[in-house]
Every structure is written in C-alpha cells, then in structure tokens.
$ cat input.txt   # compact mmCIF, C-alpha atoms
# COMPACT_ATOMS: atom_id res chain seq x y z
CA MET N 1256 151.42 -15.96 213.85
CA THR N 1257 151.28 -12.29 212.93
CA THR N 1258 148.15 -10.77 211.37
CA ALA N 1259 150.22 -8.60 209.04
CA PRO N 1260 150.08 -9.58 205.37
CA ILE N 1261 152.80 -11.93 204.18
CA PRO N 1262 155.43 -9.88 202.30
CA ARG N 1263 155.31 -9.93 198.53
CA PHE N 1264 157.61 -12.29 196.68
CA PRO N 1265 159.08 -11.41 193.29
CA ASP N 1266 157.05 -11.78 190.12
CA GLY N 1267 157.49 -15.25 188.71
CA PHE N 1268 158.04 -16.85 192.13
CA LEU N 1269 156.74 -20.44 191.92
CA TRP N 1270 154.11 -21.49 194.45
CA GLY N 1271 153.17 -25.14 194.68
CA VAL N 1272 152.27 -28.21 196.70
CA SER N 1273 153.92 -31.64 196.77
CA THR N 1274 152.97 -35.32 197.03
CA SER N 1275 154.64 -38.65 196.26
CA ALA N 1276 153.43 -41.66 194.30
CA HIS N 1277 153.63 -44.40 196.93
CA GLN N 1278 151.96 -42.21 199.54
CA ILE N 1279 148.85 -41.28 197.55
CA GLU N 1280 148.43 -43.28 194.35
CA GLY N 1281 147.04 -46.61 195.52
CA ALA N 1282 146.16 -48.96 192.63
CA ALA N 1283 148.97 -51.23 193.77
CA ASP N 1284 147.59 -54.10 191.69
CA GLU N 1285 148.14 -52.03 188.54
CA ARG N 1286 151.91 -51.74 188.93
CA GLU N 1287 154.92 -53.86 189.74
CA PRO N 1288 155.79 -54.22 193.45
CA SER N 1289 158.28 -51.94 195.16
CA VAL N 1290 160.56 -52.33 198.16
CA TRP N 1291 157.89 -50.54 200.16
CA ASP N 1292 155.29 -53.19 199.33
CA ALA N 1293 157.63 -55.87 200.65
CA PHE N 1294 158.49 -53.79 203.71
CA THR N 1295 154.90 -53.04 204.72
CA ALA N 1296 153.97 -56.71 204.32
CA GLU N 1297 156.31 -57.57 207.20
CA PRO N 1298 154.51 -57.47 210.58
CA GLY N 1299 155.61 -54.65 212.85
CA ARG N 1300 157.23 -52.51 210.15
CA VAL N 1301 154.39 -49.95 210.01
CA LYS N 1302 153.02 -48.66 213.30
CA ASP N 1303 149.34 -49.11 212.47
CA GLY N 1304 149.90 -52.22 210.34
CA SER N 1305 148.63 -50.46 207.21
CA THR N 1306 149.86 -50.47 203.63
CA ALA N 1307 149.63 -48.07 200.71
CA ALA N 1308 147.70 -50.50 198.51
CA VAL N 1309 144.82 -48.00 198.30
CA ALA N 1310 146.18 -44.88 200.05
CA CYS N 1311 144.28 -41.87 198.59
CA ASP N 1312 143.45 -43.77 195.36
CA HIS N 1313 144.92 -40.86 193.43
CA VAL N 1314 145.31 -42.99 190.30
CA HIS N 1315 141.54 -43.28 190.00
CA ARG N 1316 140.66 -39.91 191.56
CA HIS N 1317 143.34 -37.68 190.10
CA ARG N 1318 140.84 -35.42 188.32
CA GLU N 1319 139.26 -34.61 191.68
CA ASP N 1320 142.72 -33.80 193.01
CA VAL N 1321 143.58 -31.65 189.99
CA ALA N 1322 140.38 -29.70 190.67
CA LEU N 1323 141.59 -29.15 194.24
CA LEU N 1324 144.90 -27.85 192.88
CA ALA N 1325 143.10 -25.49 190.52
CA GLY N 1326 140.88 -24.25 193.35
CA LEU N 1327 143.91 -23.69 195.54
CA GLY N 1328 145.47 -21.51 192.86
CA VAL N 1329 148.98 -22.99 192.90
CA ASP N 1330 151.33 -22.46 189.99
CA ALA N 1331 152.77 -25.96 190.14
CA TYR N 1332 152.18 -29.48 191.41
CA ARG N 1333 155.17 -31.55 192.48
CA PHE N 1334 154.27 -35.25 192.25
CA SER N 1335 156.45 -38.30 191.80
CA VAL N 1336 156.50 -40.86 189.04
CA SER N 1337 156.40 -44.43 190.31
CA TRP N 1338 159.21 -46.42 188.72
CA PRO N 1339 157.31 -49.69 189.46
CA ARG N 1340 154.23 -48.28 187.69
CA VAL N 1341 156.23 -47.24 184.65
CA ARG N 1342 157.61 -50.79 184.45
CA SER N 1343 154.06 -52.20 184.23
CA PRO N 1344 151.94 -52.32 181.06
CA ARG N 1345 150.39 -48.93 180.27
CA GLY N 1346 151.86 -47.50 183.48
CA LEU N 1347 152.92 -44.30 181.74
CA ASP N 1348 149.37 -43.80 180.47
CA PHE N 1349 148.34 -42.58 183.92
CA TYR N 1350 151.05 -39.91 183.96
CA ASP N 1351 150.08 -38.89 180.45
CA ARG N 1352 146.54 -38.24 181.66
CA LEU N 1353 147.70 -36.51 184.84
CA VAL N 1354 150.06 -34.18 182.97
CA ASP N 1355 147.40 -33.38 180.38
CA ASP N 1356 144.85 -32.56 183.08
CA LEU N 1357 147.34 -30.42 185.00
CA CYS N 1358 148.21 -28.45 181.88
CA ALA N 1359 144.53 -27.97 181.06
CA ALA N 1360 143.99 -26.63 184.59
CA GLY N 1361 146.89 -24.18 184.27
CA VAL N 1362 149.01 -26.02 186.84
CA ARG N 1363 152.64 -26.74 185.94
CA PRO N 1364 153.60 -30.43 186.34
CA VAL N 1365 156.84 -30.94 188.29
CA PRO N 1366 157.61 -34.67 188.45
CA THR N 1367 160.10 -36.23 190.84
CA LEU N 1368 161.59 -39.32 189.22
CA PHE N 1369 162.47 -41.23 192.40
CA HIS N 1370 160.74 -40.87 195.75
CA TRP N 1371 161.88 -44.03 197.57
CA ASP N 1372 159.64 -46.62 195.83
CA LEU N 1373 162.42 -48.66 194.23
CA PRO N 1374 161.17 -51.58 192.11
CA LEU N 1375 161.47 -54.84 194.00
CA GLY N 1376 164.56 -56.71 192.83
CA LEU N 1377 166.70 -53.61 192.37
CA ASP N 1378 169.18 -52.57 195.05
CA TRP N 1379 170.99 -49.26 195.63
CA LEU N 1380 173.94 -51.22 196.99
CA ARG N 1381 174.56 -52.23 193.37
CA ARG N 1382 176.03 -49.78 190.89
CA ASP N 1383 173.90 -51.02 188.02
CA THR N 1384 170.77 -49.66 189.71
CA ALA N 1385 172.03 -46.17 188.85
CA GLU N 1386 172.32 -47.21 185.22
CA ARG N 1387 168.82 -48.75 185.24
CA PHE N 1388 167.51 -45.51 186.73
CA ALA N 1389 168.95 -43.47 183.86
CA GLU N 1390 167.27 -45.80 181.36
CA TYR N 1391 163.93 -45.36 183.14
CA VAL N 1392 164.38 -41.58 183.20
CA SER N 1393 164.94 -41.57 179.45
CA VAL N 1394 161.66 -43.46 178.94
CA VAL N 1395 159.70 -41.02 181.12
CA ALA N 1396 161.27 -37.94 179.54
CA GLY N 1397 160.58 -39.31 176.08
CA ARG N 1398 156.89 -39.66 176.92
CA LEU N 1399 156.26 -36.53 179.01
CA GLY N 1400 159.00 -34.12 177.95
CA ASP N 1401 156.83 -32.32 175.40
CA ARG N 1402 154.69 -30.97 178.29
CA VAL N 1403 156.94 -31.17 181.35
CA ARG N 1404 159.55 -28.46 181.67
CA LYS N 1405 160.68 -28.69 185.31
CA TRP N 1406 162.16 -31.99 186.54
CA ILE N 1407 163.39 -33.36 189.88
CA THR N 1408 165.71 -36.37 189.81
CA LEU N 1409 165.69 -37.75 193.38
CA ASN N 1410 163.91 -36.99 196.62
CA GLU N 1411 165.89 -37.03 199.87
CA PRO N 1412 168.67 -39.55 199.21
CA ALA N 1413 169.90 -38.78 202.73
CA GLU N 1414 166.76 -40.15 204.39
CA HIS N 1415 166.53 -43.08 202.00
CA THR N 1416 170.12 -43.98 202.90
CA LEU N 1417 169.88 -43.36 206.64
CA LEU N 1418 166.39 -44.66 207.43
CA GLY N 1419 166.14 -47.34 204.78
CA HIS N 1420 169.63 -48.79 204.76
CA ALA N 1421 171.56 -47.64 207.85
CA LEU N 1422 168.91 -47.78 210.59
CA GLY N 1423 166.29 -50.06 209.04
CA THR N 1424 163.16 -48.09 209.93
CA HIS N 1425 162.16 -47.52 206.28
CA ALA N 1426 162.19 -49.83 203.27
CA PRO N 1427 164.11 -51.91 202.44
CA GLY N 1428 164.68 -52.27 206.19
CA ARG N 1429 168.43 -52.80 206.31
CA ARG N 1430 170.49 -51.92 209.39
CA LEU N 1431 173.94 -51.48 207.86
CA LEU N 1432 175.08 -48.33 209.69
CA PHE N 1433 178.14 -46.95 207.83
CA ASP N 1434 178.17 -49.89 205.43
CA ALA N 1435 175.21 -48.09 203.82
CA LEU N 1436 177.50 -45.41 202.34
CA PRO N 1437 177.51 -47.07 198.88
CA VAL N 1438 173.75 -46.43 198.78
CA ALA N 1439 174.44 -42.70 199.06
CA HIS N 1440 177.05 -42.84 196.32
CA HIS N 1441 174.92 -44.85 193.91
CA GLN N 1442 171.93 -42.53 194.39
CA LEU N 1443 174.12 -39.51 193.69
CA LEU N 1444 175.52 -41.26 190.63
CA ALA N 1445 171.96 -42.04 189.52
CA HIS N 1446 171.15 -38.36 189.85
CA GLY N 1447 174.06 -37.37 187.61
CA LEU N 1448 173.19 -39.98 185.01
CA ALA N 1449 169.56 -38.83 185.14
CA VAL N 1450 170.62 -35.22 184.54
CA ARG N 1451 172.50 -36.38 181.44
CA ALA N 1452 169.49 -38.39 180.25
CA LEU N 1453 167.17 -35.42 180.76
CA ARG N 1454 169.55 -33.08 178.95
CA ALA N 1455 169.68 -35.55 176.05
CA ALA N 1456 165.87 -35.39 175.95
CA GLY N 1457 166.00 -31.58 175.75
CA ALA N 1458 165.29 -30.67 179.38
CA THR N 1459 166.60 -27.30 180.53
CA ASP N 1460 165.08 -26.96 184.05
CA ILE N 1461 166.47 -29.70 186.29
CA GLY N 1462 166.93 -29.91 190.06
CA ILE N 1463 167.07 -32.34 192.97
CA ALA N 1464 165.11 -32.35 196.26
CA ASN N 1465 167.61 -32.75 199.11
CA SER N 1466 166.62 -32.59 202.76
CA HIS N 1467 168.64 -30.18 204.87
CA GLY N 1468 168.51 -28.45 208.22
CA PRO N 1469 170.81 -26.51 210.53
CA THR N 1470 172.76 -28.62 213.02
CA TRP N 1471 172.98 -27.24 216.55
CA ALA N 1472 175.44 -28.61 219.09
CA ALA N 1473 173.78 -29.69 222.33
CA SER N 1474 176.32 -27.64 224.30
CA GLU N 1475 179.67 -25.91 223.92
CA ASP N 1476 181.44 -29.01 225.23
CA GLY N 1477 184.04 -30.24 222.74
CA ALA N 1478 182.48 -33.69 222.43
CA ASP N 1479 179.07 -32.23 221.60
CA VAL N 1480 180.54 -29.78 219.08
CA ALA N 1481 182.51 -32.55 217.35
CA ALA N 1482 179.44 -34.79 217.19
CA ALA N 1483 177.36 -31.98 215.70
CA GLU N 1484 180.01 -31.23 213.09
CA PHE N 1485 180.10 -34.88 212.07
CA TYR N 1486 176.30 -35.08 211.84
CA ASP N 1487 176.24 -31.94 209.69
CA VAL N 1488 178.72 -33.52 207.29
CA LEU N 1489 176.74 -36.74 207.14
CA LEU N 1490 173.26 -35.29 206.63
CA ASN N 1491 174.01 -32.03 204.83
CA ARG N 1492 177.40 -31.88 203.14
CA LEU N 1493 177.57 -35.54 202.05
CA PHE N 1494 174.60 -34.89 199.76
CA ALA N 1495 175.39 -31.30 198.75
CA ASP N 1496 179.18 -31.08 198.32
CA PRO N 1497 179.38 -33.69 195.52
CA LEU N 1498 176.59 -31.98 193.60
CA LEU N 1499 177.76 -28.41 194.05
CA LEU N 1500 181.54 -28.73 194.48
CA GLY N 1501 182.29 -32.02 192.75
CA THR N 1502 183.98 -33.41 195.86
CA TYR N 1503 183.08 -35.42 198.94
CA PRO N 1504 183.75 -33.99 202.40
CA ALA N 1505 187.18 -34.95 203.70
CA GLY N 1506 187.48 -38.61 204.64
CA LEU N 1507 184.32 -39.82 202.90
CA GLY N 1508 185.41 -40.15 199.28
CA GLU N 1509 187.76 -43.03 200.03
CA LEU N 1510 184.86 -44.95 201.63
CA MET N 1511 182.84 -44.91 198.42
CA PRO N 1512 182.88 -47.71 195.84
CA GLY N 1513 184.20 -47.62 192.29
CA ASP N 1514 186.17 -44.93 190.49
CA VAL N 1515 185.03 -42.09 192.71
CA GLU N 1516 186.91 -39.35 190.86
CA ALA N 1517 185.27 -40.32 187.56
CA ASP N 1518 181.85 -40.71 189.22
CA LEU N 1519 182.07 -37.25 190.77
CA LYS N 1520 182.30 -35.73 187.30
CA VAL N 1521 178.92 -37.30 186.56
CA ILE N 1522 177.42 -36.46 189.96
CA ALA N 1523 178.38 -32.78 189.57
CA GLU N 1524 176.55 -32.27 186.28
CA PRO N 1525 175.37 -28.62 186.44
CA LEU N 1526 171.93 -28.03 187.92
CA ASP N 1527 169.45 -25.33 186.96
CA TRP N 1528 168.25 -25.04 190.56
CA TYR N 1529 168.74 -26.74 193.91
CA GLY N 1530 165.77 -28.11 195.86
CA VAL N 1531 165.67 -27.98 199.66
CA ASN N 1532 163.24 -29.92 201.85
CA TYR N 1533 163.14 -28.28 205.28
CA TYR N 1534 161.31 -29.33 208.42
CA ALA N 1535 163.44 -28.55 211.49
CA PRO N 1536 166.99 -28.14 212.80
CA ALA N 1537 168.76 -31.02 214.53
CA ARG N 1538 170.22 -30.70 218.02
CA VAL N 1539 173.14 -33.07 218.29
CA GLY N 1540 175.40 -34.21 221.10
CA ALA N 1541 178.05 -36.76 221.91
CA PRO N 1542 177.10 -40.44 221.53
CA ARG N 1543 175.13 -42.26 224.21
CA ASP N 1544 176.30 -45.48 225.83
CA THR N 1545 173.12 -47.35 224.93
CA GLU N 1546 170.63 -47.47 222.08
CA THR N 1547 168.11 -44.65 222.27
CA ASP N 1548 164.76 -43.93 220.68
CA PHE N 1549 164.40 -40.58 218.95
CA GLY N 1550 161.11 -39.79 217.25
CA GLY N 1551 160.36 -43.49 216.87
CA VAL N 1552 163.76 -44.22 215.29
CA ARG N 1553 166.15 -46.54 217.13
CA MET N 1554 169.55 -44.87 217.29
CA PRO N 1555 172.33 -47.42 217.94
CA ALA N 1556 175.01 -46.71 220.50
CA GLU N 1557 177.65 -47.29 217.80
CA LEU N 1558 176.80 -43.97 216.12
CA PRO N 1559 179.31 -41.17 216.79
CA PHE N 1560 176.51 -38.75 217.72
CA SER N 1561 173.12 -38.68 219.44
CA LEU N 1562 170.05 -36.59 218.67
CA ARG N 1563 168.59 -34.43 221.43
CA GLN N 1564 165.29 -32.62 221.86
CA ILE N 1565 165.11 -28.92 221.04
CA GLU N 1566 163.51 -27.47 224.14
CA GLY N 1567 161.24 -24.45 224.46
CA ARG N 1568 159.58 -24.80 221.07
CA PRO N 1569 156.08 -25.89 220.09
CA VAL N 1570 156.04 -29.29 218.42
CA THR N 1571 153.93 -30.84 215.69
CA ASP N 1572 151.90 -34.02 216.11
CA PHE N 1573 155.03 -35.82 214.89
CA GLY N 1574 156.98 -34.30 217.80
CA TRP N 1575 159.09 -32.16 215.48
CA PRO N 1576 160.02 -28.69 216.81
CA VAL N 1577 158.63 -25.68 214.99
CA VAL N 1578 161.60 -23.42 214.14
CA PRO N 1579 160.80 -21.16 211.17
CA GLU N 1580 163.99 -19.13 211.50
CA GLY N 1581 165.93 -22.36 210.95
CA LEU N 1582 164.94 -22.10 207.30
CA THR N 1583 166.50 -18.65 207.05
CA GLU N 1584 169.63 -19.90 208.83
CA LEU N 1585 169.87 -22.91 206.53
CA LEU N 1586 169.52 -20.96 203.27
CA THR N 1587 171.85 -18.13 204.21
CA GLY N 1588 174.35 -20.71 205.47
CA PHE N 1589 174.22 -22.53 202.13
CA ARG N 1590 174.73 -19.24 200.31
CA ASP N 1591 177.77 -18.50 202.47
CA ARG N 1592 179.20 -22.03 202.14
CA TYR N 1593 178.75 -22.55 198.41
CA GLY N 1594 178.78 -19.01 197.02
CA ASP N 1595 178.34 -18.86 193.27
CA ARG N 1596 178.38 -22.68 193.09
CA LEU N 1597 174.87 -22.65 194.58
CA PRO N 1598 172.25 -22.32 191.85
CA PRO N 1599 168.86 -20.71 192.49
CA VAL N 1600 167.03 -22.44 195.35
CA VAL N 1601 163.51 -23.87 195.45
CA VAL N 1602 162.01 -25.08 198.74
CA THR N 1603 160.57 -28.34 197.44
CA GLU N 1604 158.99 -29.45 200.75
CA ASN N 1605 157.92 -27.70 203.91
CA GLY N 1606 155.02 -28.76 206.08
CA CYS N 1607 153.79 -30.25 209.34
CA ALA N 1608 151.58 -32.97 210.81
CA TYR N 1609 148.48 -31.81 212.69
CA ASP N 1610 145.03 -33.34 213.09
CA GLY N 1611 141.74 -31.56 212.51
CA LEU N 1612 139.93 -29.63 209.81
CA ASP N 1613 140.33 -26.30 211.62
CA ASP N 1614 144.10 -26.65 211.56
CA GLN N 1615 145.21 -23.31 212.95
CA ASP N 1616 148.53 -24.78 214.05
CA ARG N 1617 149.33 -25.64 210.43
CA ILE N 1618 148.38 -22.13 209.36
CA ALA N 1619 150.72 -20.67 211.99
CA TYR N 1620 153.49 -23.06 210.89
CA LEU N 1621 153.21 -22.16 207.21
CA ASP N 1622 152.84 -18.46 207.93
CA GLY N 1623 156.04 -18.47 209.96
CA HIS N 1624 158.03 -20.44 207.42
CA ILE N 1625 156.93 -18.38 204.44
CA ARG N 1626 158.01 -15.25 206.31
CA ALA N 1627 161.34 -16.93 207.16
CA LEU N 1628 161.78 -17.74 203.48
CA HIS N 1629 161.18 -14.10 202.60
CA ASP N 1630 163.83 -13.16 205.19
CA ALA N 1631 166.30 -15.38 203.32
CA LEU N 1632 165.33 -13.72 200.06
CA THR N 1633 165.85 -10.28 201.61
CA ALA N 1634 169.26 -11.45 202.87
CA GLY N 1635 170.31 -12.13 199.29
CA VAL N 1636 169.54 -15.82 198.76
CA ASP N 1637 168.23 -16.46 195.24
CA VAL N 1638 165.01 -18.27 196.15
CA ARG N 1639 162.69 -19.07 193.23
CA GLY N 1640 159.87 -21.19 194.68
CA TYR N 1641 158.09 -22.79 197.64
CA PHE N 1642 156.13 -26.06 197.78
CA VAL N 1643 153.96 -27.07 200.74
CA TRP N 1644 154.03 -30.68 201.88
CA SER N 1645 151.40 -31.86 201.27
CA LEU N 1646 148.26 -31.47 199.18
CA LEU N 1647 146.60 -34.53 200.74
CA ASP N 1648 146.72 -36.49 203.95
CA ASN N 1649 148.50 -39.67 202.93
CA PHE N 1650 150.34 -42.85 203.85
CA GLU N 1651 153.14 -41.50 206.01
CA TRP N 1652 155.65 -44.31 205.52
CA ALA N 1653 156.42 -46.24 208.74
CA GLU N 1654 153.85 -44.13 210.60
CA GLY N 1655 151.02 -45.45 208.42
CA TYR N 1656 147.97 -43.18 208.41
CA ALA N 1657 148.55 -41.71 211.88
CA ARG N 1658 150.18 -38.44 210.73
CA ARG N 1659 148.28 -35.90 208.65
CA PHE N 1660 150.34 -33.44 206.59
CA GLY N 1661 147.65 -32.44 204.11
CA LEU N 1662 145.99 -29.16 203.28
CA VAL N 1663 143.11 -31.46 202.32
CA HIS N 1664 141.68 -34.01 204.76
CA VAL N 1665 141.25 -37.54 203.40
CA ASP N 1666 138.79 -39.94 205.04
CA PHE N 1667 140.64 -43.21 204.50
CA GLY N 1668 137.41 -45.16 204.85
CA THR N 1669 135.44 -43.34 202.15
CA LEU N 1670 138.35 -41.49 200.46
CA ALA N 1671 136.32 -38.29 200.60
CA ARG N 1672 138.42 -35.13 200.30
CA THR N 1673 137.64 -32.12 202.51
CA PRO N 1674 139.71 -28.92 202.28
CA LYS N 1675 140.97 -27.78 205.68
CA ALA N 1676 141.21 -24.23 207.03
CA SER N 1677 144.88 -24.25 205.92
CA TYR N 1678 143.80 -24.91 202.31
CA ARG N 1679 141.63 -21.80 202.34
CA TRP N 1680 144.35 -19.78 204.08
CA PHE N 1681 147.00 -20.78 201.53
CA ARG N 1682 144.57 -20.04 198.69
CA ASP N 1683 144.11 -16.52 200.07
CA VAL N 1684 147.88 -16.08 200.46
CA LEU N 1685 148.38 -16.99 196.81
CA ARG N 1686 145.65 -14.63 195.66
CA ALA N 1687 147.33 -11.79 197.54
CA GLN N 1688 150.65 -12.60 195.82
CA ARG N 1689 149.22 -12.21 192.30

$ encode --input "input.txt" --output "structure tokens"
Amino acid sequence: MTTAPIPRFPDGFLWGVSTSAHQIEGAADEREPSVWDAFTAEPGRVKDGSTAAVACDHVHRHREDVALLAGLGVDAYRFSVSWPRVRSPRGLDFYDRLVDDLCAAGVRPVPTLFHWDLPLGLDWLRRDTAERFAEYVSVVAGRLGDRVRKWITLNEPAEHTLLGHALGTHAPGRRLLFDALPVAHHQLLAHGLAVRALRAAGATDIGIANSHGPTWAASEDGADVAAAEFYDVLLNRLFADPLLLGTYPAGLGELMPGDVEADLKVIAEPLDWYGVNYYAPARVGAPRDTETDFGGVRMPAELPFSLRQIEGRPVTDFGWPVVPEGLTELLTGFRDRYGDRLPPVVVTENGCAYDGLDDQDRIAYLDGHIRALHDALTAGVDVRGYFVWSLLDNFEWAEGYARRFGLVHVDFGTLARTPKASYRWFRDVLRAQR
C-alpha cells in the first residue's frame, strides 16, 4: 500500500457500502422461509452449522447501522430487499422505515431486489418464477419508488446458477451441472421483466450487479487456453452478452428453454448503468481426471475446465488472491469488448475477508483496488461509483460466520458493533474526496 493520497475521482462519483438481506437481517420468524432457510437446516451444508436466523439482527438494529453509515460518510447504501419478507404481513414496513431513516441521514438507498434468498416453493428452473419476480418488483417499487431512485434488479446470477444449481454448494443445493442453464436464462428474463416493471413505476436509474473477473489460462498449452476461453464465456459473457448485446454467446442460445429470441428482447431492455462485483481473476486450465476441491467447492471431473491457484500473490482469509490490477484489466476489457453498448459502470461489490479490528490487510486491499479503479477511469472507462463489501461482518453463506468482510466488527454473541481500522480509513478517504 502506498502512502500517497488516493487520486481524486470526478465530482458526483458515488461512494457506498453494500450488504444483503439474508446475511444481516435476522428476524427470520417475521418473514416467510427462503431456500436458504431450508438449505441451512440440512446438516453439513454450512461449515460451522450456523444459520442466519439472527445474523446481525439488522431488522431490529437498523437505526444503529444507519448511524454507522452516516458516520462513515458514504453517499449510498446498497442493501437488498428480502422477497420472503415482502411476502409476509407488514414485511414492507421495515423497508419503509429503513429508507426513511437513510434519507434522513443523507444516505441514498440503493436496493437490490434479489440477492439469492428465493422464497421457498419457487424455483428458477420454472419460467413462471420470472413472472412472479416482476410482480414482486412492482409491489416494492410502488411502495418505495417515491424515495428510491437507484435500483438493482439481481445480484450475481452467475454464482446463484453455478453454486446453487450446478455444483450444489449454495442453496437450493442442486448438482445439475449444465442442466442448470435454464436457471441462468430465467434469472436473466426476470431481470428484463423487472426493468420493465420499474420503468412502469417511473424508475430512471436501473442496473444489475453481475460478478466478473479476468480469466487467465494456466499455460499457453492449447488445452489450457481452450478451457480458459470456455470458462470466460460461462462466467462472464453468458451473463453480460444477453444484457448488452441481446444475444447469447455462440452455442448457448439453443440450450436455453422457451422462445429464446423473444426472451432476449426482454432481457436486453436498456440499462442506465452496469454493476460489476469484482474480487479476483480466475486461473483456468484443462479438466482434471478426478473431482477436485477448490476453495471449498467440489469441482466435478465432468467439467470442461479446472480452476488453479494464482501463485505469488497474497491471499485473503478466504484464500482468494489479491490482484488489484485485475479490476483495471476487467473494466478496460469490457470497454473494448462492448464499446458503446456498455453503459456507465458502477463497482457494486469489492472487498475481502480478514479477521481482527486492526485490519491493515483490508486497508491495503481497498487502497489497491480503489487505485486500480482510478486507473480504469484514466484509461477511459466511464466509472460512476464504488461500493465496498461489506458494511458489517455477516453470515457468509456456506461458510457461516467464519469469514469477516465487514468494515464494522460484529460480535455474534452480543451483536455489538465495533468499527474497525478500515472503517476509519475509508471514512478519511471519503472526506478527502469531498
């Protein structure tokens, strides 16, 4: 980490932090169940055997968390709306209060309408789930649209497809491999229908939060290069091309269900901005002969690629390599690939898991990535915002409470919040940007 000041970003650049409903809200008895409730109830699904029934108890402590946001000095707070909570009596009342309190604190509310907590009984393998999603979006927009200006439809449909439906390590725990492709299509269709519903409600600032990262071949060998190209299509272009170009990558459209040509017209509804969640590049090689474990995820031998470690880099407590310049590479690569079809970009998630209150490693990580983002801006990418993941330590999906991504430490016994060194560092960065 350099001691030089972080370069100035343009006036109006949006600085924020992110969370998601299932990971922080708690109050599980005050909402309908989700696929994640069913998943975590199964022994062995979560590494520490925990659930998100209480999590950070954000539902009952949100005013304390809004005060932390105000003290941090962010422009915006990206949270997610729990579809199961909205389906319960008075579920939208909580979001009414949260949005009111955010506005009173001078923090812009930026809700994500789906962050993996699908109501139990719905299924992304079914087309009608996309239609139910659009109906839910209309209800939320009708209630909050007078105060919310910036909307996010879906969070990381790639991970929800791959981890939840292809490999089975996330809810709903299916291991369908390539038979999970309809899940990708129906989520993308849900996004397009949601954009239409938001537009009908008067929204003019709509994006999506897609996860992306550069794909590096493990070697120059032809088999490794081909495997890396396929992985890049599957994790990057499958979820960007339909949105930005109105087409699927070659060979994938015919694998999707329904009238794909008609659906793509819905999926490609124009966006006001494009959200990117970035954590690290992927190093990819030819398939292995046997099942392998990569970062706690079982990778079947049937896959036409295998993930490899990126050597010579520091790693987070999650084992993820720290590669700030990968963010610059990713954003300039998107600019080159999509040209004027790429709308302004917002980094909707970027962060790291480290223990401790004096989290100097997190400070170094964020410092490096913010500088890499400025490099992309200098290279001509139209970047409009940056959100740190995450405000609070939280329930980290299948990892339980073992991984801490927060700028604020949460004692999961007492639920006490304690700002970390990184909170104070980011606060000072934002003050210098004013």

$ residues_around --input "input.txt" --residues "N:Trp1406" --least-positions-apart "5" --cutoff "9 Å" --atoms "only C-alpha atoms" --output "list in words"
Pro1364, Val1365, Pro1366, Thr1367, Leu1368, Leu1453, Ala1458, Thr1459, Asp1460, Ile1461, Gly1462 and Ile1463 of chain N

$ closest_residue --input "input.txt" --among "N:Ala1687, N:Leu1269, N:Ala1478, N:Ala1634" --to "N:Pro1559" --atoms "all atoms listed in the file"
N:Ala1478

$ atom_distance --input "input.txt" --atom1 "atom CA of N:Pro1339" --atom2 "atom CA of N:Gly1428"
18.5 Å

$ residues_around --input "input.txt" --residues "N:Leu1417" --least-positions-apart "4" --cutoff "12 Å" --atoms "all atoms listed in the file" --output "PyMOL selection string"
chain N and resi 1411-1413+1421-1439+1466+1486+1489-1490+1493-1494+1552-1554+1558

$ closest_residue --input "input.txt" --among "N:Glu1297, N:Val1636, N:Ala1396, N:Thr1673" --to "N:Asp1648" --atoms "all atoms listed in the file"
N:Thr1673

$ atom_distance --input "input.txt" --atom1 "atom CA of N:Asp1330" --atom2 "atom CA of N:Trp1644"
14.7 Å

$ residues_around --input "input.txt" --residues "stretch 1527-1536 of chain N" --least-positions-apart "6" --cutoff "6 Å" --atoms "all atoms listed in the file" --output "VMD selection string"
chain N and resid 1460 to 1470 1598 to 1605

$ closest_residue --input "input.txt" --among "N:Glu1319, N:Asp1479, N:Glu1390, N:Asp1372" --to "N:Ala1283" --atoms "all atoms listed in the file"
N:Asp1372

$ residues_around --input "input.txt" --residues "N:Ala1608" --least-positions-apart "4" --cutoff "7 Å" --atoms "all atoms listed in the file" --output "ChimeraX atom specification"
/N:1571-1573,1658-1660

$ atom_distance --input "input.txt" --atom1 "atom CA of N:Gly1611" --atom2 "atom CA of N:Val1570"
15.6 Å

$ residues_around --input "input.txt" --residues "N:Thr1306" --least-positions-apart "3" --cutoff "8 Å" --atoms "only C-alpha atoms" --output "list in words"
Asp1292, Thr1295, Ala1296, Val1301, Val1309, Ala1310, Phe1650 and Gly1655 of chain N

$ closest_residue --input "input.txt" --among "N:Ala1456, N:Ala1360, N:Val1539, N:Leu1347" --to "N:Asp1401" --atoms "only C-alpha atoms"
N:Ala1456

$ closest_residue --input "input.txt" --among "N:His1420, N:Arg1352, N:Arg1538, N:His1313" --to "N:Glu1484" --atoms "all atoms listed in the file"
N:Arg1538

$ closest_residue --input "input.txt" --among "N:Trp1471, N:Arg1568, N:Arg1563, N:Leu1526" --to "N:Glu1584" --atoms "only C-alpha atoms"
N:Trp1471
